[in-house]
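Enquirer: Handing you a structure now.
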Amino acid sequence: MTALEERPAAPARTTWIDCDVHIAMPSPAALRENLPEEWRERHDRYGGNPFHASLYPRMALGAARTDAWPPDGSAPGSSLPFLREQLLDRWAIEYAVLGPIVRPDQAGMRNPGYAAALARATNDWVVREWLDPDPRLRSSIVVPVEDTEYAVAEIERVAGDPRFVQVYLQIKTSAPLGNRRYWPIYEAAAAHDLPVSIHFGGVGGHPSTAAGWASYYLEDHAGNAQTFQHQLVSLVCSGVLERLPDLRIVLIEGGVAWAPALVWRLDAAFERMHDEVPHLTRRPSEYVADHVWFTTQPVEEPPDPRSLARVFDDLPCLRDRVMYSSDYPHWDFDAPDQVLRTVPLDAALRAKIMTGNARELYRLPR
Amino acid sequence: MTRHVVARVGDVPPGSRVLVTLDGREIGVFNVDGEFFAVRNRCPHQAGPLCEGILTRPVSSTRPGEYAFTEEGGILRCPWHQWEFDLATGRSWCDPDRVRVRSYPVVVERGGADVRVPGPYTAETFPVAVEDEYVVVDLGGRLPS
Amino acid sequence: MSARRSSVGRARPSRRGDSTARRARHDSSERSDIPLRIDATLRNDATDMTERNEPAEPMDRIEPVEPIDRIDPLLPMDRIEPVLPIESSDPSRSPIPGVCRAAAGWIQPEKSRHAAYVDGAFADRHGSVRHGLASGVDATDAGRTRRGRRGCGARDRTARRKVTPVPTPIVDANVHAVVPSVTALLPYLPAFWREQVATTAFRGAPESAWPPGMPMSRHPDARVPASGPPGSDLALLREQVLDLPGIESAVLQCAYAIESIRNPDGAAAVAAAVNDWLVAEWLEPEPRLRASMVVPSHTPGAAVAEIERVGDHPGFVQVFLPIRSAMPYGRREYHPLHAAAAERGLVVGLGYGGLTGNAPTGVGWPTYLVEEFVGMAAVAQSQLMSLVVEGVFDAVPALRAVVVEAGFTWLPAMLWRLDKNWKGLRREVPWLRRAPSEYVREHVRFTTGPADAPAAGLRHVLDDMWGAELLLYGSGYPHDVVADPRAAVPAHFTDEEATAMLSGTARELYGLGSPAGAR
């Protein structure tokens with residue numbers, strides 16, 4: 001098996017800002033090495049306590065592209081040279097915003113000290129192994145989301161490094177994200193001018209749907225879109241967007257096309273039930289327009305690509321809010337030059353999606 | 001000349017594959033139970049390197065809960081999105097009429113007058129001996145549909 | 001689909017007399033000036049809403065609770081019994097024609113229980129036969145009704161518009177029958193459960209997914225009966241829905257939260273009581289009605305038993321499954337339920353509701369009711385995915401499902417995503433023979449209310465979701481009050497599409513009789 005290196009490169013003038021690229025530690029041993037000494041033994045003994053994650057055969061090892069395993073056999077997303085080869089160089093990615101896979105919510109968030117130690121270890125590893133060696137990379141601050149105090153402390157600890165461009169939460173949480181217990185996280189983020197991103201997945205300790213556990217990964221995966229809807233409803237109705245006018249929310253890997261219908265339904269319900277949420281001074285659609293960004297992948301693929309273009313007519317704010325993402329190295333990766341190829345977007349909108357909106361949101365220099 | 005010798009038969013045992021470049025096109029040649037198939041290494045979906053994917057068998061079902069793993073036939077799953085393609089036809093499982101990978105006829109021939117084409121790598125010469133059998137891909141051919 | 005704000009003005013229907021005299025039929029001379037248009041500008045008018053708002057009814061008027069606590073538990077049961085002697089072994093005295101109750105309190109089905117149903121129509125108590133559907137109804141007052149309904153200014157608006165006549169009757173596929181309180185069910189409950197009601201705090205379903213005070217539970221125009229909450233009174237239903245011009249029939253939904261009764265036997269008994277109540281107090285007196293039966297949805301085996309018990313009653317056309325459930329309805333435990341429904345030609349109706357005790361989201365409890373209301377659409381998406389992905393429609397090809405009152409504008413985006421996923425993950429669910437969207441198109445329909453999309457967006461959605469095929473007009477009364485159902489038809493629909501939405505699809509789906517033939 002050879003000759004892959006002969007694949008022609010994409011034209012150099014087209015660039016992308018990829019808003020969802022995953023990195024992982026190469027092995028469990030590496031994770032242990034990155035933990036501070038005082039946590040290693042407890043990590044060995046108690047770190048294996050699972051949090052009842054949704055475990056499905058995911059039809060692809062590690063939910064990764066089959067070709068994304070680095071030559072040395074380490075985990076997908078764990079090798080910077082391989083990331084350069086498969087993504088950054090191949091498509092002339094101007095910036096990639098990293099989402100570390102090692103996450104305190106996945107590995108024992110019930111112990112707040114342990115979750116905080118994992119977060120610190122991860123963020124330091126990101127700086128050392130990724131941000132320092134490659135100037136194209138930006139990253140997301142991993143926090144122990146269920147312990148607000150520790151989460152805020154971690155934001156304060158690393159927010160001074162401008163290469164951390166957002167706070168990183170997962171969509172599955174133990175309470176809806178509008179819940180007031182999470183507000184200090186938003187306040188800290190807003191104080192540091194950092195968006196709060198909310199990414200597909202995570203482990204909140206609840207069945208995957210409001211109607212119980214889905215049986216198949218197909219449902220579980222697509223069903224994340226419903227969890228995004230619940231979370232957005234919660235964030236809007238909670239009033240946190242009213243409280244923090246500068247707060248920016250980024251919904252990562254939830255898709256986009258569901259947004260207009262959700263906003264319509266929210267507005268229609270608000271019309272009749274606004275007195276229940278008197279802290280909202282504007283209609284839900286206005287909060288969404290001012291505060292919420294979306295990344296594309298896994299972008300909905302209608303049978304007629306024009307349908308996807310119409311989503312931007314149905315919710316015009318999306319023109320300034322949708323940002324390209326690949327989700328490399330996962331199996332549901334959307335290739336930069338392919339994914340919206342057939343969608344009839346005007347040139348200005350295409351440019352916004354591919355680079356402009358992300359550059360503005362994350363204040364990325366040219 | 002559209003016929004290319006890509007390998008000795010013995011070098012591509014059942015279940016294995018070779019990836020070759022013929023006339024600038026990357027092509028994967030697969031041995032499925034002794035039968036050879038050749039498809040373009042470019043997924044018609046998002047242009048992923050299809051021929052680097054998992055080579056497996058068809059799975060079918062007659063009712064919820066049943067997984068019938070057929071012990072014959074070759075299914076190639078794209079390494080990116082796991083779309084399935086039937087190696088015998090190039091057709092995708094999900095949209096067989098519209099989503100197809102370019103596939104090429106493959107024959108096994110004994111070395112001789114017709115089988116002298118150098119390949120598979122442009123930099124090398126592929127020695128063809130009369131007594132051996134070779135896998136020959138016909139880039140100009142079409143599979144019977 | 002603005003059912004909420006009709007573009008033909010909003011004059012309140014005047015009180016009128018005897019409902020049978022008011023049953024309207026279609027009058028082409030009147031019909032021609034009904035504008036087929038969605039008027040988005042009329043939807044979001046806060047001033048208008050304020051003006052229409054009536055003061056909320058005090059809770060004690062909405063939910064008059066029978067003073068059951070004061071009933072002496074030591075009294076013999078027949079003293080508690082408010083209506084009928086349940087333990088009668090005489091079928092003629094049972095609340096369901098042909099259904100008698102054994103002394104133990106369990107209902108025994110009997111062969112002759114459909115005796116009262118004659119060829120597409122119910123025999124009324126006087127023995128005469130009335131047709132259940134409006135096709136042959138006398139039209140003497142149809143014109144008067146129409147004129148009475150039109151508000152000031154509507155005529156001018158109408159005159160400016162291209163007018164398309166829609167020569168079709170209307171099926172309202174979503175109106176509510178609200179159980180006023182457990183008292184109403186006592187006549188239909190077995191003795192054991194009547195005793196539980198009398199001697200404990202057991203009140204049947206403790207609450208509703210439609211809290212009576214919630215604005216969504218009662219449109220300002222929905223009148224409150226003297227005797228119970230909105231939606232609990234047949235006379236008002238006639239007045240505000242059935243007697244609207246063109247309405248030929250309506251499908252009752254009962255969102256009584258059977259699933260909130262954890263005791264599976266209690267849930268089964270209450271479900272049976274609700275169904276018998278629906279038959280005796282709604283279907284029998286009003287032949288224009290059909291109903292969704294309720295089942296103990298958290299106990300699939302008992303739900304099947306209930307479908308077997310009353311599912312053959314011609315008044316039941318659907319099985320109501322609340323959208324929120326403890327486990328998704330596609331799971332294999334539910335396949336016998338779907339099969340039992342399909343065998344009888346019953347549609348599975350996934351309706352707004354579901355008090356499972358579990359959180360109404362996949363991430364725990366939201367803070368506000370409005371979040372639950374909006375979120376129900378997402379849960380409906382989860383359920384549809386489950387039905388398709390688990391192969392319910394492969395296992396039960398005759399099954400049809402309707403998503404009731406949980407919106408539909410979310411459907412295209414959900415299907416685009418699910419189809420995309422399926423292309424990569426199909427091996428996990430090899431029983432699916434086609435893309436998920438194709439199953440939905442073939443097997444699933446949606447009621448129209450409540451409206452939420454602006455006109456342009458609505459058109460996009462309908463084009464993307466085969467809207468003309470998939471929609472059933474449903475007002476949601478009393479959650480909504482629609483003065484003119486025809487105004488709910490999207491402006492770009494052709495006459496054929498309008499007909500399908502207003503009645504054609506519902507007739508076919510529910511086997512409603514005329515003119516295509518009885519079920």
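All residue names refer to the structure tokens as shown: chains lettered A, B, ... in order, residues numbered from 1 in each chain, ligands numbered from 1 in order.
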Compile the contact shell of segment 33-43 of chain B as a PDB file with C-alpha atoms, in the first residue's frame: residues with an atom at most 9 Å away, counting only C-alpha atoms, same-chain residues fewer than 3 positions apart removed.

Expert:
```pdb
ATOM      1  CA  PRO B  13      -3.812 -13.554  -1.398  1.00  0.00           C
ATOM      2  CA  PRO B  14      -7.546 -13.711  -0.578  1.00  0.00           C
ATOM      3  CA  GLY B  15      -8.595 -10.877   1.743  1.00  0.00           C
ATOM      4  CA  LEU B  19      -3.026   0.000  -4.219  1.00  0.00           C
ATOM      5  CA  ARG B  25      -5.320   7.235 -11.041  1.00  0.00           C
ATOM      6  CA  GLU B  26      -5.085   5.489  -7.724  1.00  0.00           C
ATOM      7  CA  ILE B  27      -6.757   2.143  -7.925  1.00  0.00           C
ATOM      8  CA  GLY B  28      -7.233  -0.529  -5.310  1.00  0.00           C
ATOM      9  CA  VAL B  29      -7.147  -4.156  -6.424  1.00  0.00           C
ATOM     10  CA  PHE B  30      -8.802  -6.594  -4.021  1.00  0.00           C
ATOM     11  CA  GLN B  46     -16.508  13.170  -0.142  1.00  0.00           C
ATOM     12  CA  ALA B  47     -13.483  11.885  -2.047  1.00  0.00           C
ATOM     13  CA  GLY B  48     -12.061   9.916   0.864  1.00  0.00           C
ATOM     14  CA  PRO B  49      -9.414   7.234   0.229  1.00  0.00           C
ATOM     15  CA  LEU B  50     -11.955   4.491  -0.230  1.00  0.00           C
ATOM     16  CA  CYS B  51      -9.475   1.693  -0.852  1.00  0.00           C
ATOM     17  CA  GLU B  52      -7.909   2.164   2.563  1.00  0.00           C
ATOM     18  CA  GLU B  72     -19.332 -14.387   0.634  1.00  0.00           C
ATOM     19  CA  GLY B  73     -19.072 -11.211  -1.344  1.00  0.00           C
ATOM     20  CA  GLY B  74     -16.847  -8.226  -0.792  1.00  0.00           C
ATOM     21  CA  CYS B  78     -14.924   3.965   3.191  1.00  0.00           C
ATOM     22  CA  TRP B  83     -20.271   4.065   3.453  1.00  0.00           C
ATOM     23  CA  LEU B  87     -16.837  -4.510  -4.875  1.00  0.00           C
ATOM     24  CA  ALA B  88     -18.530  -6.590  -7.538  1.00  0.00           C
ATOM     25  CA  GLY B  90     -19.068  -0.504  -7.398  1.00  0.00           C
ATOM     26  CA  ARG B 100     -21.119   4.326  -7.370  1.00  0.00           C
ATOM     27  CA  VAL B 101     -17.388   4.097  -7.275  1.00  0.00           C
ATOM     28  CA  ARG B 102     -15.637   3.685 -10.604  1.00  0.00           C
ATOM     29  CA  SER B 103     -14.713   0.058 -10.937  1.00  0.00           C
ATOM     30  CA  TYR B 104     -12.700  -1.743 -13.544  1.00  0.00           C
ATOM     31  CA  PRO B 105     -12.651  -5.231 -14.987  1.00  0.00           C
ATOM     32  CA  VAL B 106      -9.856  -7.429 -13.646  1.00  0.00           C
ATOM     33  CA  VAL B 107      -8.675 -10.641 -15.211  1.00  0.00           C
ATOM     34  CA  VAL B 108      -6.077 -13.163 -14.271  1.00  0.00           C
ATOM     35  CA  VAL B 135      -3.654  -9.692 -12.187  1.00  0.00           C
ATOM     36  CA  VAL B 137      -6.702  -4.320 -14.718  1.00  0.00           C
TER      37      VAL B 137
END
```

Enquirer: Select all residues from chain B having any atom no more than 12 Å from an atom of chain C (counting only C-alpha atoms, ignoring ligands), output as a ChimeraX atom specification.

Expert: /B:45,56-69,75,77-85,92-96,99

Enquirer: Can you tell me, as a list in words, which residues in segment 316-370 of chain C count as helix (DSSP H, G or I) by DSSP?

Expert: Arg332, Glu333, Tyr334, His335, Pro336, Leu337, His338, Ala339, Ala340, Ala341, Ala342, Glu343, Leu369 and Val370 of chain C

Enquirer: For chain A, which of B:Arg3, B:Arg91, B:Arg98, B:Arg110 is the closest residue, counting only C-alpha atoms?

Expert: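 Closest candidate: B:Arg98.
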
Enquirer: Taking only C-alpha atoms into account, which residues of chain A are within 6 Å of chain B, as a list in words?

Expert: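 Close to chain B, chain A has Met1, Arg65, Thr66, Asp67, Trp331, Asp332 and Gln338 of chain A.
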
Enquirer: Let's have the selection written as a CSV table (one decimal), in the first residue's frame, with N, CA and C atoms.

Expert:
```csv
chain,number,residue,atom,x,y,z
A,1,MET,N,0.8,-1.2,0.0
A,1,MET,CA,0.0,0.0,0.0
A,1,MET,C,0.9,1.2,0.0
A,65,ARG,N,-12.0,7.9,11.9
A,65,ARG,CA,-11.8,7.5,10.5
A,65,ARG,C,-10.8,6.3,10.6
A,66,THR,N,-11.0,5.3,9.8
A,66,THR,CA,-10.2,4.1,9.8
A,66,THR,C,-8.7,4.5,9.4
A,67,ASP,N,-8.6,5.6,8.6
A,67,ASP,CA,-7.3,5.9,8.1
A,67,ASP,C,-6.6,7.0,9.1
A,331,TRP,N,-15.1,9.6,12.5
A,331,TRP,CA,-15.7,9.0,11.3
A,331,TRP,C,-16.7,9.9,10.6
A,332,ASP,N,-17.2,10.8,11.3
A,332,ASP,CA,-18.2,11.7,10.7
A,332,ASP,C,-17.6,13.0,10.2
A,338,GLN,N,-15.3,19.5,0.4
A,338,GLN,CA,-16.4,18.7,-0.2
A,338,GLN,C,-17.7,19.0,0.4
```

Enquirer: Can you work out which residues from chain A touch chain C at a cut-off of 6 Å (counting only C-alpha atoms) and hand them back as a list in words?

Expert: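 Using only C-alpha atoms, chain A residues at most 6 Å from chain C: Lys172, Thr173, Ser174, Ala175, Pro176, His206, Pro207, Ser208, Thr209, Ala210, Ala211, Gly212, Ala222, Gln226, His230, Ala257, Trp258, Ala261, Trp264, Arg265, Ala268, Glu300, Glu301, Pro302 and Asp314 of chain A.
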
Enquirer: Using C-alpha atoms, can you export the residues from the last selection as a compact mmCIF listing (two decimals), in the first residue's frame?

Expert:
```txt
# COMPACT_ATOMS: atom_id res chain seq x y z
CA LYS A 172 -24.43 16.15 28.01
CA THR A 173 -24.42 17.65 31.44
CA SER A 174 -26.03 16.70 34.70
CA ALA A 175 -28.40 19.68 34.52
CA PRO A 176 -29.54 21.86 31.65
CA HIS A 206 -29.01 10.86 32.22
CA PRO A 207 -30.49 8.62 29.54
CA SER A 208 -29.62 9.92 26.12
CA THR A 209 -33.11 11.14 25.38
CA ALA A 210 -36.03 12.44 27.39
CA ALA A 211 -37.72 9.19 26.46
CA GLY A 212 -34.98 6.97 27.83
CA ALA A 222 -28.17 11.84 15.53
CA GLN A 226 -32.08 17.04 20.21
CA HIS A 230 -32.85 21.28 24.85
CA ALA A 257 -30.41 23.12 10.10
CA TRP A 258 -32.57 22.57 13.16
CA ALA A 261 -37.53 25.56 13.58
CA TRP A 264 -39.73 29.68 15.67
CA ARG A 265 -41.13 27.36 18.29
CA ALA A 268 -44.23 31.21 19.46
CA GLU A 300 -27.28 18.14 7.53
CA GLU A 301 -27.27 16.75 4.00
CA PRO A 302 -30.68 17.21 2.43
CA ASP A 314 -35.04 31.11 7.42
```

Enquirer: Can you build me a table of segment 274-326 of chain A residues sitting at most 12 Å from segment 18-30 of chain A, with the closest atom pair per residue and its distance in Å to one decimal, using only C-alpha atoms, sorted by chain and residue number, as a Markdown table?

Expert:
```
| residue | atom | partner | partner_atom | distance |
| --- | --- | --- | --- | --- |
| A:Trp293 | CA | A:Cys19 | CA | 11.1 |
| A:Phe294 | CA | A:Cys19 | CA | 9.7 |
| A:Thr295 | CA | A:Cys19 | CA | 6.8 |
| A:Thr296 | CA | A:Cys19 | CA | 8.8 |
| A:Gln297 | CA | A:Asp20 | CA | 8.3 |
| A:Pro298 | CA | A:Asp20 | CA | 10.7 |
| A:Val322 | CA | A:Cys19 | CA | 10.2 |
| A:Met323 | CA | A:Cys19 | CA | 6.9 |
| A:Tyr324 | CA | A:Asp18 | CA | 5.8 |
| A:Ser325 | CA | A:Cys19 | CA | 4.6 |
| A:Ser326 | CA | A:Asp20 | CA | 5.9 |
```

Enquirer: I'd like the neighbourhood of segment 303-305 of chain C as a PDB file with C-alpha atoms, in the first residue's frame, where a residue qualifies if any of its atoms comes within 9 Å (using only C-alpha atoms), though same-chain residues fewer than 5 positions away should be ignored.

Expert:
```
ATOM      1  CA  ALA C 268     -54.408  -0.368  33.468  1.00  0.00           C
ATOM      2  CA  ALA C 271     -56.833   3.507  31.268  1.00  0.00           C
ATOM      3  CA  VAL C 294     -55.392   5.591  26.106  1.00  0.00           C
ATOM      4  CA  VAL C 295     -53.208   2.746  27.310  1.00  0.00           C
ATOM      5  CA  PRO C 296     -50.875   2.123  30.227  1.00  0.00           C
ATOM      6  CA  SER C 297     -47.990   2.970  27.942  1.00  0.00           C
ATOM      7  CA  HIS C 298     -45.296   2.215  30.516  1.00  0.00           C
ATOM      8  CA  VAL C 310     -61.522  -1.919  23.263  1.00  0.00           C
ATOM      9  CA  PRO C 336     -46.460  -6.150  20.133  1.00  0.00           C
ATOM     10  CA  LEU C 337     -48.256  -2.924  20.966  1.00  0.00           C
ATOM     11  CA  HIS C 338     -47.627  -1.552  17.503  1.00  0.00           C
ATOM     12  CA  ALA C 339     -48.704  -4.840  15.984  1.00  0.00           C
ATOM     13  CA  ALA C 340     -51.898  -4.923  18.034  1.00  0.00           C
ATOM     14  CA  ALA C 341     -52.729  -1.411  16.902  1.00  0.00           C
TER      15      ALA C 341
END
```

Enquirer: Excluding Arg40 of chain A and any residue of its chain fewer than 5 positions from it, enumerate the residues within 12 Å of it, using only C-alpha atoms, and give them as a PyMOL selection string.

Expert: chain A and resi 28-35+45-47+114+117-118+121

Enquirer: Store the residues picked out above in a file with C-alpha atoms, as a tab-separated table (two decimals), in the first residue's frame.

Expert:
```tsv
chain	number	residue	atom	x	y	z
A	28	PRO	CA	-3.67	5.68	28.88
A	29	ALA	CA	-0.11	5.69	30.16
A	30	ALA	CA	0.38	9.16	28.74
A	31	LEU	CA	-2.65	10.40	30.62
A	32	ARG	CA	-1.24	9.01	33.84
A	33	GLU	CA	2.10	10.68	33.16
A	34	ASN	CA	0.40	14.01	32.69
A	35	LEU	CA	-1.41	13.82	36.03
A	45	ARG	CA	-7.36	2.65	41.69
A	46	TYR	CA	-10.51	4.66	41.25
A	47	GLY	CA	-10.26	6.36	37.89
A	114	TYR	CA	-9.93	14.42	40.31
A	117	ALA	CA	-6.67	17.54	38.15
A	118	LEU	CA	-7.59	15.99	34.80
A	121	ALA	CA	-3.25	18.12	33.21
```

Enquirer: Run DSSP on the backbone and give me the residues of segment 227-409 of chain C it puts in strand (DSSP E), as a list of chain:residue names.

Expert: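 For segment 227-409 of chain C, the strand (DSSP E) set is C:Ile247, C:Glu248, C:Ser249, C:Ala250, C:Val251, C:Leu252, C:Gln253, C:Leu289, C:Arg290, C:Ala291, C:Ser292, C:Met293, C:Val294, C:Phe316, C:Val317, C:Gln318, C:Val319, C:Phe320, C:Leu321, C:Pro322, C:Val347, C:Val348, C:Gly349, C:Leu350, C:Gly351, C:Ala401, C:Val402, C:Val403, C:Val404.
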
Enquirer: So how far away is atom CA of Ala209 of chain C from atom CA of Pro478 of chain C, in Å?

Expert: 14.1 Å

Enquirer: Give me, please, the distance in Å between atom CA of Phe270 of chain A and atom CA of Ala250 of chain C, quoted to one decimal.

Expert: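 A separation of 28.4 Å between them.
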
Enquirer: How many Å lie between atom CA of Val178 of chain C and atom CA of Cys254 of chain C, rounded to one decimal?

Expert: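 Rounded to one decimal, the two atoms are 6.1 Å apart.
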